[in-house]
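Peer 1: Sharing target_14.cif, mmCIF, N, CA and C atoms:
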```
data_query
loop_
_atom_site.label_atom_id
_atom_site.label_comp_id
_atom_site.auth_asym_id
_atom_site.auth_seq_id
_atom_site.Cartn_x
_atom_site.Cartn_y
_atom_site.Cartn_z
N MET A 1 94.08 112.70 117.79
CA MET A 1 94.68 112.28 116.53
C MET A 1 94.64 113.44 115.55
N ASP A 2 95.76 113.71 114.90
CA ASP A 2 95.86 114.79 113.93
C ASP A 2 95.23 114.36 112.60
N PRO A 3 94.28 115.14 112.08
CA PRO A 3 93.65 114.76 110.81
C PRO A 3 94.67 114.73 109.66
N THR A 4 94.48 113.76 108.77
CA THR A 4 95.34 113.63 107.60
C THR A 4 94.81 114.50 106.46
N LEU A 5 95.58 114.60 105.42
CA LEU A 5 95.13 115.32 104.22
C LEU A 5 93.85 114.67 103.71
N TYR A 6 93.79 113.37 103.74
CA TYR A 6 92.59 112.62 103.34
C TYR A 6 91.37 113.11 104.14
N ASP A 7 91.53 113.24 105.45
CA ASP A 7 90.44 113.72 106.30
C ASP A 7 90.06 115.16 105.97
N HIS A 8 91.06 116.01 105.80
CA HIS A 8 90.81 117.42 105.48
C HIS A 8 90.04 117.58 104.17
N LEU A 9 90.29 116.67 103.23
CA LEU A 9 89.62 116.75 101.94
C LEU A 9 88.18 116.25 101.99
N GLY A 10 87.84 115.51 103.04
CA GLY A 10 86.48 115.02 103.18
C GLY A 10 86.32 113.52 103.09
N GLY A 11 87.43 112.78 103.11
CA GLY A 11 87.36 111.33 103.13
C GLY A 11 87.02 110.71 101.79
N ARG A 12 86.59 109.46 101.84
CA ARG A 12 86.38 108.67 100.62
C ARG A 12 85.35 109.28 99.69
N ASP A 13 84.25 109.79 100.22
CA ASP A 13 83.22 110.38 99.35
C ASP A 13 83.79 111.54 98.54
N ALA A 14 84.60 112.37 99.18
CA ALA A 14 85.20 113.51 98.49
C ALA A 14 86.22 113.05 97.45
N ILE A 15 86.99 112.03 97.79
CA ILE A 15 87.98 111.50 96.85
C ILE A 15 87.27 110.89 95.64
N GLU A 16 86.21 110.14 95.88
CA GLU A 16 85.44 109.56 94.76
C GLU A 16 84.88 110.64 93.85
N LEU A 17 84.35 111.70 94.44
CA LEU A 17 83.81 112.81 93.65
C LEU A 17 84.90 113.47 92.81
N ALA A 18 86.05 113.69 93.41
CA ALA A 18 87.17 114.30 92.68
C ALA A 18 87.65 113.38 91.55
N VAL A 19 87.71 112.09 91.80
CA VAL A 19 88.15 111.14 90.77
C VAL A 19 87.16 111.11 89.61
N ARG A 20 85.86 111.11 89.92
CA ARG A 20 84.86 111.15 88.84
C ARG A 20 85.03 112.41 88.00
N GLY A 21 85.23 113.54 88.66
CA GLY A 21 85.44 114.79 87.93
C GLY A 21 86.71 114.77 87.11
N LEU A 22 87.77 114.21 87.67
CA LEU A 22 89.04 114.13 86.96
C LEU A 22 88.91 113.30 85.69
N TYR A 23 88.32 112.11 85.80
CA TYR A 23 88.20 111.27 84.61
C TYR A 23 87.25 111.87 83.58
N ALA A 24 86.22 112.58 84.01
CA ALA A 24 85.35 113.26 83.05
C ALA A 24 86.16 114.25 82.22
N ARG A 25 87.05 114.97 82.88
CA ARG A 25 87.90 115.94 82.17
C ARG A 25 88.94 115.26 81.29
N LEU A 26 89.54 114.20 81.81
CA LEU A 26 90.56 113.49 81.03
C LEU A 26 89.97 112.89 79.75
N LEU A 27 88.75 112.40 79.84
CA LEU A 27 88.11 111.80 78.67
C LEU A 27 87.70 112.85 77.64
N GLU A 28 87.63 114.10 78.04
CA GLU A 28 87.32 115.19 77.11
C GLU A 28 88.57 115.83 76.53
N ASP A 29 89.73 115.47 77.05
CA ASP A 29 91.00 116.05 76.62
C ASP A 29 91.55 115.21 75.45
N PRO A 30 91.58 115.77 74.24
CA PRO A 30 92.01 114.98 73.08
C PRO A 30 93.46 114.49 73.16
N GLY A 31 94.27 115.13 73.97
CA GLY A 31 95.66 114.69 74.12
C GLY A 31 95.83 113.55 75.10
N ILE A 32 94.78 113.26 75.88
CA ILE A 32 94.87 112.23 76.91
C ILE A 32 93.85 111.11 76.69
N ALA A 33 92.69 111.44 76.20
CA ALA A 33 91.59 110.48 76.07
C ALA A 33 91.98 109.17 75.39
N PRO A 34 92.82 109.18 74.34
CA PRO A 34 93.15 107.91 73.68
C PRO A 34 93.79 106.87 74.60
N VAL A 35 94.42 107.30 75.68
CA VAL A 35 95.03 106.37 76.63
C VAL A 35 93.97 105.45 77.23
N PHE A 36 92.73 105.93 77.27
CA PHE A 36 91.67 105.18 77.94
C PHE A 36 90.82 104.33 76.99
N ASP A 37 91.18 104.29 75.71
CA ASP A 37 90.45 103.45 74.76
C ASP A 37 90.48 102.00 75.22
N GLY A 38 89.31 101.39 75.33
CA GLY A 38 89.22 99.99 75.71
C GLY A 38 89.44 99.70 77.18
N VAL A 39 89.54 100.73 78.01
CA VAL A 39 89.80 100.55 79.44
C VAL A 39 88.48 100.51 80.20
N ASP A 40 88.37 99.63 81.17
CA ASP A 40 87.21 99.55 82.05
C ASP A 40 87.28 100.74 83.02
N LEU A 41 86.55 101.79 82.70
CA LEU A 41 86.65 103.03 83.47
C LEU A 41 86.10 102.90 84.89
N LEU A 42 85.09 102.09 85.10
CA LEU A 42 84.59 101.90 86.46
C LEU A 42 85.68 101.28 87.33
N ARG A 43 86.35 100.29 86.80
CA ARG A 43 87.43 99.63 87.54
C ARG A 43 88.60 100.61 87.76
N LEU A 44 88.93 101.36 86.72
CA LEU A 44 90.04 102.31 86.82
C LEU A 44 89.75 103.39 87.86
N ARG A 45 88.53 103.93 87.85
CA ARG A 45 88.16 104.95 88.84
C ARG A 45 88.23 104.37 90.25
N SER A 46 87.82 103.13 90.40
CA SER A 46 87.90 102.49 91.71
C SER A 46 89.35 102.36 92.17
N HIS A 47 90.23 101.94 91.24
CA HIS A 47 91.66 101.83 91.57
C HIS A 47 92.23 103.20 91.93
N MET A 48 91.89 104.23 91.16
CA MET A 48 92.42 105.57 91.43
C MET A 48 91.92 106.08 92.78
N THR A 49 90.66 105.83 93.09
CA THR A 49 90.13 106.25 94.39
C THR A 49 90.89 105.56 95.51
N SER A 50 91.12 104.27 95.36
CA SER A 50 91.87 103.51 96.36
C SER A 50 93.30 104.03 96.48
N PHE A 51 93.95 104.25 95.33
CA PHE A 51 95.33 104.73 95.34
C PHE A 51 95.43 106.10 96.01
N LEU A 52 94.57 107.05 95.57
CA LEU A 52 94.64 108.39 96.14
C LEU A 52 94.29 108.39 97.63
N SER A 53 93.33 107.58 98.01
CA SER A 53 92.98 107.50 99.43
C SER A 53 94.19 107.07 100.25
N ALA A 54 94.89 106.05 99.79
CA ALA A 54 96.09 105.59 100.49
C ALA A 54 97.17 106.66 100.48
N ALA A 55 97.41 107.27 99.32
CA ALA A 55 98.47 108.27 99.18
C ALA A 55 98.22 109.51 100.03
N LEU A 56 96.96 109.83 100.26
CA LEU A 56 96.61 111.05 100.98
C LEU A 56 96.38 110.82 102.47
N GLY A 57 96.66 109.60 102.93
CA GLY A 57 96.68 109.36 104.36
C GLY A 57 95.46 108.69 104.97
N SER A 58 94.72 107.94 104.19
CA SER A 58 93.53 107.27 104.72
C SER A 58 93.88 106.16 105.71
N GLY A 59 95.08 105.65 105.61
CA GLY A 59 95.46 104.50 106.42
C GLY A 59 95.18 103.18 105.72
N LEU A 60 94.48 103.26 104.58
CA LEU A 60 94.22 102.07 103.78
C LEU A 60 95.46 101.74 102.96
N VAL A 61 95.59 100.49 102.57
CA VAL A 61 96.71 100.06 101.75
C VAL A 61 96.19 99.79 100.34
N HIS A 62 96.80 100.44 99.36
CA HIS A 62 96.43 100.21 97.96
C HIS A 62 97.08 98.91 97.52
N VAL A 63 96.28 98.01 96.93
CA VAL A 63 96.79 96.69 96.57
C VAL A 63 96.92 96.49 95.06
N GLY A 64 96.80 97.56 94.28
CA GLY A 64 96.95 97.45 92.83
C GLY A 64 98.41 97.35 92.43
N ARG A 65 98.61 97.23 91.11
CA ARG A 65 99.98 97.20 90.57
C ARG A 65 100.70 98.49 90.94
N ASP A 66 102.03 98.44 90.96
CA ASP A 66 102.76 99.67 91.22
C ASP A 66 102.60 100.60 90.02
N LEU A 67 102.81 101.88 90.24
CA LEU A 67 102.56 102.89 89.22
C LEU A 67 103.39 102.68 87.97
N HIS A 68 104.65 102.33 88.14
CA HIS A 68 105.52 102.14 86.97
C HIS A 68 104.96 101.04 86.07
N GLU A 69 104.62 99.92 86.66
CA GLU A 69 104.08 98.79 85.91
C GLU A 69 102.73 99.14 85.27
N ALA A 70 101.87 99.81 86.03
CA ALA A 70 100.53 100.14 85.54
C ALA A 70 100.56 101.10 84.35
N HIS A 71 101.59 101.94 84.26
CA HIS A 71 101.65 102.94 83.19
C HIS A 71 102.62 102.57 82.07
N ALA A 72 103.37 101.49 82.25
CA ALA A 72 104.30 101.05 81.20
C ALA A 72 103.52 100.74 79.93
N GLY A 73 104.04 101.18 78.82
CA GLY A 73 103.40 100.91 77.54
C GLY A 73 102.31 101.89 77.16
N LEU A 74 101.97 102.80 78.03
CA LEU A 74 100.90 103.77 77.73
C LEU A 74 101.43 105.03 77.06
N HIS A 75 102.73 105.17 77.01
CA HIS A 75 103.38 106.31 76.37
C HIS A 75 102.93 107.65 76.97
N ILE A 76 102.86 107.68 78.30
CA ILE A 76 102.51 108.91 79.01
C ILE A 76 103.71 109.85 78.92
N THR A 77 103.45 111.07 78.48
CA THR A 77 104.51 112.07 78.34
C THR A 77 104.45 113.06 79.51
N ASP A 78 105.49 113.86 79.62
CA ASP A 78 105.49 114.93 80.63
C ASP A 78 104.32 115.88 80.39
N ALA A 79 104.04 116.19 79.12
CA ALA A 79 102.93 117.09 78.80
C ALA A 79 101.59 116.50 79.25
N MET A 80 101.43 115.19 79.08
CA MET A 80 100.20 114.53 79.52
C MET A 80 100.09 114.54 81.04
N PHE A 81 101.20 114.31 81.71
CA PHE A 81 101.21 114.35 83.17
C PHE A 81 100.83 115.75 83.64
N ASP A 82 101.45 116.77 83.02
CA ASP A 82 101.15 118.15 83.39
C ASP A 82 99.69 118.51 83.14
N ALA A 83 99.14 118.05 82.03
CA ALA A 83 97.73 118.31 81.72
C ALA A 83 96.82 117.63 82.75
N THR A 84 97.19 116.44 83.15
CA THR A 84 96.39 115.73 84.16
C THR A 84 96.41 116.48 85.48
N VAL A 85 97.57 116.99 85.86
CA VAL A 85 97.67 117.78 87.09
C VAL A 85 96.80 119.03 86.98
N THR A 86 96.82 119.68 85.82
CA THR A 86 95.98 120.87 85.62
C THR A 86 94.50 120.50 85.77
N HIS A 87 94.10 119.39 85.17
CA HIS A 87 92.71 118.94 85.32
C HIS A 87 92.37 118.65 86.78
N LEU A 88 93.30 118.04 87.49
CA LEU A 88 93.06 117.74 88.91
C LEU A 88 92.88 119.04 89.70
N VAL A 89 93.73 120.01 89.46
CA VAL A 89 93.60 121.29 90.14
C VAL A 89 92.25 121.92 89.84
N ASP A 90 91.85 121.90 88.58
CA ASP A 90 90.55 122.46 88.19
C ASP A 90 89.40 121.76 88.92
N VAL A 91 89.49 120.43 89.01
CA VAL A 91 88.44 119.67 89.72
C VAL A 91 88.41 120.05 91.19
N LEU A 92 89.58 120.08 91.83
CA LEU A 92 89.63 120.42 93.25
C LEU A 92 89.10 121.83 93.50
N GLU A 93 89.46 122.76 92.62
CA GLU A 93 88.95 124.13 92.77
C GLU A 93 87.44 124.17 92.57
N SER A 94 86.91 123.38 91.62
CA SER A 94 85.46 123.35 91.39
C SER A 94 84.72 122.77 92.60
N LEU A 95 85.42 121.97 93.40
CA LEU A 95 84.84 121.40 94.61
C LEU A 95 85.12 122.26 95.84
N ALA A 96 85.64 123.46 95.61
CA ALA A 96 85.91 124.44 96.67
C ALA A 96 86.93 123.93 97.69
N VAL A 97 87.90 123.17 97.23
CA VAL A 97 88.99 122.73 98.10
C VAL A 97 89.91 123.92 98.33
N ALA A 98 90.28 124.17 99.56
CA ALA A 98 91.14 125.29 99.93
C ALA A 98 92.48 125.21 99.21
N ASP A 99 93.01 126.36 98.82
CA ASP A 99 94.28 126.43 98.10
C ASP A 99 95.40 125.68 98.83
N GLU A 100 95.44 125.79 100.15
CA GLU A 100 96.50 125.13 100.93
C GLU A 100 96.39 123.61 100.78
N LEU A 101 95.18 123.10 100.72
CA LEU A 101 95.00 121.65 100.55
C LEU A 101 95.35 121.22 99.14
N VAL A 102 95.01 122.04 98.15
CA VAL A 102 95.38 121.74 96.76
C VAL A 102 96.90 121.66 96.66
N THR A 103 97.59 122.59 97.27
CA THR A 103 99.05 122.60 97.27
C THR A 103 99.60 121.32 97.90
N ARG A 104 98.99 120.88 98.98
CA ARG A 104 99.44 119.64 99.65
C ARG A 104 99.18 118.41 98.77
N VAL A 105 98.05 118.40 98.08
CA VAL A 105 97.75 117.29 97.16
C VAL A 105 98.81 117.25 96.06
N LEU A 106 99.11 118.41 95.48
CA LEU A 106 100.10 118.47 94.41
C LEU A 106 101.49 118.04 94.89
N ALA A 107 101.84 118.41 96.10
CA ALA A 107 103.12 118.00 96.66
C ALA A 107 103.19 116.47 96.84
N THR A 108 102.05 115.86 97.09
CA THR A 108 101.99 114.41 97.23
C THR A 108 102.10 113.72 95.88
N ILE A 109 101.53 114.34 94.85
CA ILE A 109 101.47 113.72 93.53
C ILE A 109 102.73 113.99 92.69
N ALA A 110 103.34 115.13 92.85
CA ALA A 110 104.49 115.53 92.02
C ALA A 110 105.59 114.47 91.94
N PRO A 111 105.97 113.84 93.05
CA PRO A 111 107.04 112.84 92.96
C PRO A 111 106.68 111.59 92.15
N LEU A 112 105.41 111.43 91.82
CA LEU A 112 104.97 110.25 91.08
C LEU A 112 105.28 110.35 89.59
N ARG A 113 105.65 111.54 89.13
CA ARG A 113 105.94 111.75 87.70
C ARG A 113 106.91 110.70 87.15
N LEU A 114 107.97 110.42 87.87
CA LEU A 114 108.99 109.49 87.38
C LEU A 114 108.46 108.07 87.21
N GLN A 115 107.40 107.73 87.93
CA GLN A 115 106.82 106.40 87.82
C GLN A 115 105.75 106.32 86.74
N VAL A 116 105.18 107.47 86.34
CA VAL A 116 104.07 107.50 85.41
C VAL A 116 104.51 107.83 83.98
N VAL A 117 105.46 108.75 83.84
CA VAL A 117 105.91 109.18 82.52
C VAL A 117 106.85 108.12 81.95
N HIS A 118 106.55 107.71 80.70
CA HIS A 118 107.32 106.66 80.06
C HIS A 118 107.73 107.04 78.65
N GLY A 119 108.26 108.22 78.48
CA GLY A 119 108.80 108.59 77.16
C GLY A 119 107.88 109.43 76.34
N SER A 120 108.00 109.26 75.05
CA SER A 120 107.30 110.14 74.12
C SER A 120 105.99 109.51 73.65
N ALA A 121 105.14 110.36 73.12
CA ALA A 121 103.84 109.91 72.64
C ALA A 121 104.01 109.09 71.37
N LEU A 122 103.01 108.28 71.09
CA LEU A 122 102.99 107.53 69.84
C LEU A 122 102.80 108.49 68.68
N VAL A 123 103.46 108.24 67.57
CA VAL A 123 103.29 109.08 66.38
C VAL A 123 102.58 108.34 65.29
#
```
As structure tokens - that is how I would like this structure written.

Peer 2:
Amino acid sequence: MDPTLYDHLGGRDAIELAVRGLYARLLEDPGIAPVFDGVDLLRLRSHMTSFLSAALGSGLVHVGRDLHEAHAGLHITDAMFDATVTHLVDVLESLAVADELVTRVLATIAPLRLQVVHGSALV
């Protein structure tokens, strides 16, 4: 059996570690942190771990809301999406993930922009 990207990254433990690191960075980013006001972060991290595990080839099925519905009303902008991707890259690099694997993760996530970005930020 050919290992999946999920396997190459180290499986669920590695995904959970990356998700924890990502949310730590997002919560420190003043341009993104307000999106998480009042959000159950333990639940959200669990959903993100499940979603990424499925997206990266774990064979598991993510049973949460679809991305468009989950992000509707959050006013996620292209700049916020780009900043999140930058934070993800930084986390993966801090975990010594090989550049080729980071590139594959980004290729998996890039098409999700249209489902996550919902217009302009609140003024």

Peer 1: So which residues touch A:Leu44 within 10 Å, counting only C-alpha atoms, skipping near sequence neighbours fewer than 6 positions away, as a list of chain:residue names?

Peer 2: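 Near A:Leu44, the qualifying residues are A:Val19, A:Tyr23, A:Phe36, A:Ser50.
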
Peer 1: Given the choices A:Gly57, A:Met48, A:Val97, A:Leu22, which gets closest to A:Pro3 if the distance is worked out from all atoms listed in the file?

Peer 2: A:Gly57

Peer 1: Under the rule that all atoms listed in the file are counted, which of A:Thr49, A:Thr84, A:Ser58, A:Gln115 is the nearest residue to A:Ile32?

Peer 2: A:Thr84

Peer 1: Which is closer to A:His62 than all the others in A:Arg113, A:His87, A:His118, A:His47, using only C-alpha atoms?

Peer 2: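 Ranking A:Arg113, A:His87, A:His118, A:His47 by distance to A:His62, first place goes to A:His47.
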
Peer 1: Closest to A:Thr77 among A:Ala98, A:Val117, A:Glu93, A:Arg43, using only N, CA and C atoms?

Peer 2: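 The answer is A:Val117, which sits nearest to A:Thr77.
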
Peer 1: Which distance in Å separates atom N of A:Leu26 and atom CA of A:Glu100, to one decimal?

Peer 2: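 So the two atoms, atom N of A:Leu26 and atom CA of A:Glu100, lie 23.1 Å apart.
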
Peer 1: Nearest to A:Gly21: which of A:Leu92, A:Leu5, A:Leu101, A:Ala107 is it, counting only N, CA and C atoms?

Peer 2: A:Leu92

Peer 1: Among stretch 5-94 of chain A, which residues does DSSP mark as alpha helix (DSSP H) when it is run on the backbone? Keep the chain and numbering as in the structure and answer as a tab-separated table (two decimals) with N, CA and C atoms, in the frame of the given file.

Peer 2:
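The resulting file, selection_32.tsv, is reproduced below:
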```tsv
chain	number	residue	atom	x	y	z
A	5	LEU	N	95.58	114.60	105.42
A	5	LEU	CA	95.13	115.32	104.22
A	5	LEU	C	93.85	114.67	103.71
A	6	TYR	N	93.79	113.37	103.74
A	6	TYR	CA	92.59	112.62	103.34
A	6	TYR	C	91.37	113.11	104.14
A	7	ASP	N	91.53	113.24	105.45
A	7	ASP	CA	90.44	113.72	106.30
A	7	ASP	C	90.06	115.16	105.97
A	8	HIS	N	91.06	116.01	105.80
A	8	HIS	CA	90.81	117.42	105.48
A	8	HIS	C	90.04	117.58	104.17
A	9	LEU	N	90.29	116.67	103.23
A	9	LEU	CA	89.62	116.75	101.94
A	9	LEU	C	88.18	116.25	101.99
A	11	GLY	N	87.43	112.78	103.11
A	11	GLY	CA	87.36	111.33	103.13
A	11	GLY	C	87.02	110.71	101.79
A	12	ARG	N	86.59	109.46	101.84
A	12	ARG	CA	86.38	108.67	100.62
A	12	ARG	C	85.35	109.28	99.69
A	13	ASP	N	84.25	109.79	100.22
A	13	ASP	CA	83.22	110.38	99.35
A	13	ASP	C	83.79	111.54	98.54
A	14	ALA	N	84.60	112.37	99.18
A	14	ALA	CA	85.20	113.51	98.49
A	14	ALA	C	86.22	113.05	97.45
A	15	ILE	N	86.99	112.03	97.79
A	15	ILE	CA	87.98	111.50	96.85
A	15	ILE	C	87.27	110.89	95.64
A	16	GLU	N	86.21	110.14	95.88
A	16	GLU	CA	85.44	109.56	94.76
A	16	GLU	C	84.88	110.64	93.85
A	17	LEU	N	84.35	111.70	94.44
A	17	LEU	CA	83.81	112.81	93.65
A	17	LEU	C	84.90	113.47	92.81
A	18	ALA	N	86.05	113.69	93.41
A	18	ALA	CA	87.17	114.30	92.68
A	18	ALA	C	87.65	113.38	91.55
A	19	VAL	N	87.71	112.09	91.80
A	19	VAL	CA	88.15	111.14	90.77
A	19	VAL	C	87.16	111.11	89.61
A	20	ARG	N	85.86	111.11	89.92
A	20	ARG	CA	84.86	111.15	88.84
A	20	ARG	C	85.03	112.41	88.00
A	21	GLY	N	85.23	113.54	88.66
A	21	GLY	CA	85.44	114.79	87.93
A	21	GLY	C	86.71	114.77	87.11
A	22	LEU	N	87.77	114.21	87.67
A	22	LEU	CA	89.04	114.13	86.96
A	22	LEU	C	88.91	113.30	85.69
A	23	TYR	N	88.32	112.11	85.80
A	23	TYR	CA	88.20	111.27	84.61
A	23	TYR	C	87.25	111.87	83.58
A	24	ALA	N	86.22	112.58	84.01
A	24	ALA	CA	85.35	113.26	83.05
A	24	ALA	C	86.16	114.25	82.22
A	25	ARG	N	87.05	114.97	82.88
A	25	ARG	CA	87.90	115.94	82.17
A	25	ARG	C	88.94	115.26	81.29
A	26	LEU	N	89.54	114.20	81.81
A	26	LEU	CA	90.56	113.49	81.03
A	26	LEU	C	89.97	112.89	79.75
A	27	LEU	N	88.75	112.40	79.84
A	27	LEU	CA	88.11	111.80	78.67
A	27	LEU	C	87.70	112.85	77.64
A	28	GLU	N	87.63	114.10	78.04
A	28	GLU	CA	87.32	115.19	77.11
A	28	GLU	C	88.57	115.83	76.53
A	41	LEU	N	86.55	101.79	82.70
A	41	LEU	CA	86.65	103.03	83.47
A	41	LEU	C	86.10	102.90	84.89
A	42	LEU	N	85.09	102.09	85.10
A	42	LEU	CA	84.59	101.90	86.46
A	42	LEU	C	85.68	101.28	87.33
A	43	ARG	N	86.35	100.29	86.80
A	43	ARG	CA	87.43	99.63	87.54
A	43	ARG	C	88.60	100.61	87.76
A	44	LEU	N	88.93	101.36	86.72
A	44	LEU	CA	90.04	102.31	86.82
A	44	LEU	C	89.75	103.39	87.86
A	45	ARG	N	88.53	103.93	87.85
A	45	ARG	CA	88.16	104.95	88.84
A	45	ARG	C	88.23	104.37	90.25
A	46	SER	N	87.82	103.13	90.40
A	46	SER	CA	87.90	102.49	91.71
A	46	SER	C	89.35	102.36	92.17
A	47	HIS	N	90.23	101.94	91.24
A	47	HIS	CA	91.66	101.83	91.57
A	47	HIS	C	92.23	103.20	91.93
A	48	MET	N	91.89	104.23	91.16
A	48	MET	CA	92.42	105.57	91.43
A	48	MET	C	91.92	106.08	92.78
A	49	THR	N	90.66	105.83	93.09
A	49	THR	CA	90.13	106.25	94.39
A	49	THR	C	90.89	105.56	95.51
A	50	SER	N	91.12	104.27	95.36
A	50	SER	CA	91.87	103.51	96.36
A	50	SER	C	93.30	104.03	96.48
A	51	PHE	N	93.95	104.25	95.33
A	51	PHE	CA	95.33	104.73	95.34
A	51	PHE	C	95.43	106.10	96.01
A	52	LEU	N	94.57	107.05	95.57
A	52	LEU	CA	94.64	108.39	96.14
A	52	LEU	C	94.29	108.39	97.63
A	53	SER	N	93.33	107.58	98.01
A	53	SER	CA	92.98	107.50	99.43
A	53	SER	C	94.19	107.07	100.25
A	54	ALA	N	94.89	106.05	99.79
A	54	ALA	CA	96.09	105.59	100.49
A	54	ALA	C	97.17	106.66	100.48
A	55	ALA	N	97.41	107.27	99.32
A	55	ALA	CA	98.47	108.27	99.18
A	55	ALA	C	98.22	109.51	100.03
A	67	LEU	N	102.81	101.88	90.24
A	67	LEU	CA	102.56	102.89	89.22
A	67	LEU	C	103.39	102.68	87.97
A	68	HIS	N	104.65	102.33	88.14
A	68	HIS	CA	105.52	102.14	86.97
A	68	HIS	C	104.96	101.04	86.07
A	69	GLU	N	104.62	99.92	86.66
A	69	GLU	CA	104.08	98.79	85.91
A	69	GLU	C	102.73	99.14	85.27
A	70	ALA	N	101.87	99.81	86.03
A	70	ALA	CA	100.53	100.14	85.54
A	70	ALA	C	100.56	101.10	84.35
A	71	HIS	N	101.59	101.94	84.26
A	71	HIS	CA	101.65	102.94	83.19
A	71	HIS	C	102.62	102.57	82.07
A	78	ASP	N	105.49	113.86	79.62
A	78	ASP	CA	105.49	114.93	80.63
A	78	ASP	C	104.32	115.88	80.39
A	79	ALA	N	104.04	116.19	79.12
A	79	ALA	CA	102.93	117.09	78.80
A	79	ALA	C	101.59	116.50	79.25
A	80	MET	N	101.43	115.19	79.08
A	80	MET	CA	100.20	114.53	79.52
A	80	MET	C	100.09	114.54	81.04
A	81	PHE	N	101.20	114.31	81.71
A	81	PHE	CA	101.21	114.35	83.17
A	81	PHE	C	100.83	115.75	83.64
A	82	ASP	N	101.45	116.77	83.02
A	82	ASP	CA	101.15	118.15	83.39
A	82	ASP	C	99.69	118.51	83.14
A	83	ALA	N	99.14	118.05	82.03
A	83	ALA	CA	97.73	118.31	81.72
A	83	ALA	C	96.82	117.63	82.75
A	84	THR	N	97.19	116.44	83.15
A	84	THR	CA	96.39	115.73	84.16
A	84	THR	C	96.41	116.48	85.48
A	85	VAL	N	97.57	116.99	85.86
A	85	VAL	CA	97.67	117.78	87.09
A	85	VAL	C	96.80	119.03	86.98
A	86	THR	N	96.82	119.68	85.82
A	86	THR	CA	95.98	120.87	85.62
A	86	THR	C	94.50	120.50	85.77
A	87	HIS	N	94.10	119.39	85.17
A	87	HIS	CA	92.71	118.94	85.32
A	87	HIS	C	92.37	118.65	86.78
A	88	LEU	N	93.30	118.04	87.49
A	88	LEU	CA	93.06	117.74	88.91
A	88	LEU	C	92.88	119.04	89.70
A	89	VAL	N	93.73	120.01	89.46
A	89	VAL	CA	93.60	121.29	90.14
A	89	VAL	C	92.25	121.92	89.84
A	90	ASP	N	91.85	121.90	88.58
A	90	ASP	CA	90.55	122.46	88.19
A	90	ASP	C	89.40	121.76	88.92
A	91	VAL	N	89.49	120.43	89.01
A	91	VAL	CA	88.44	119.67	89.72
A	91	VAL	C	88.41	120.05	91.19
A	92	LEU	N	89.58	120.08	91.83
A	92	LEU	CA	89.63	120.42	93.25
A	92	LEU	C	89.10	121.83	93.50
A	93	GLU	N	89.46	122.76	92.62
A	93	GLU	CA	88.95	124.13	92.77
A	93	GLU	C	87.44	124.17	92.57
A	94	SER	N	86.91	123.38	91.62
A	94	SER	CA	85.46	123.35	91.39
A	94	SER	C	84.72	122.77	92.60
```

Peer 1: Could you jot down the atom C of A:Arg65 to atom C of A:Val89 separation for me, Å, one decimal place?

Peer 2: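 Those two atoms sit 24.9 Å apart.
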
Peer 1: Around all the atoms of stretch 108-119 of chain A listed in the file, draw an axis-aligned box and extend it by 4 Å on each of the six sides; I want its centre and edge lengths in Å to one decimal, as AutoDock Vina command-line options.

Peer 2:
```
--center_x 105.2 --center_y 111.1 --center_z 86.8 --size_x 15.5 --size_y 17.5 --size_z 28.9
```

Peer 1: What is the atom C of A:Arg45-atom N of A:Val102 distance in Å, reported with one decimal?

Peer 2: 20.5 Å
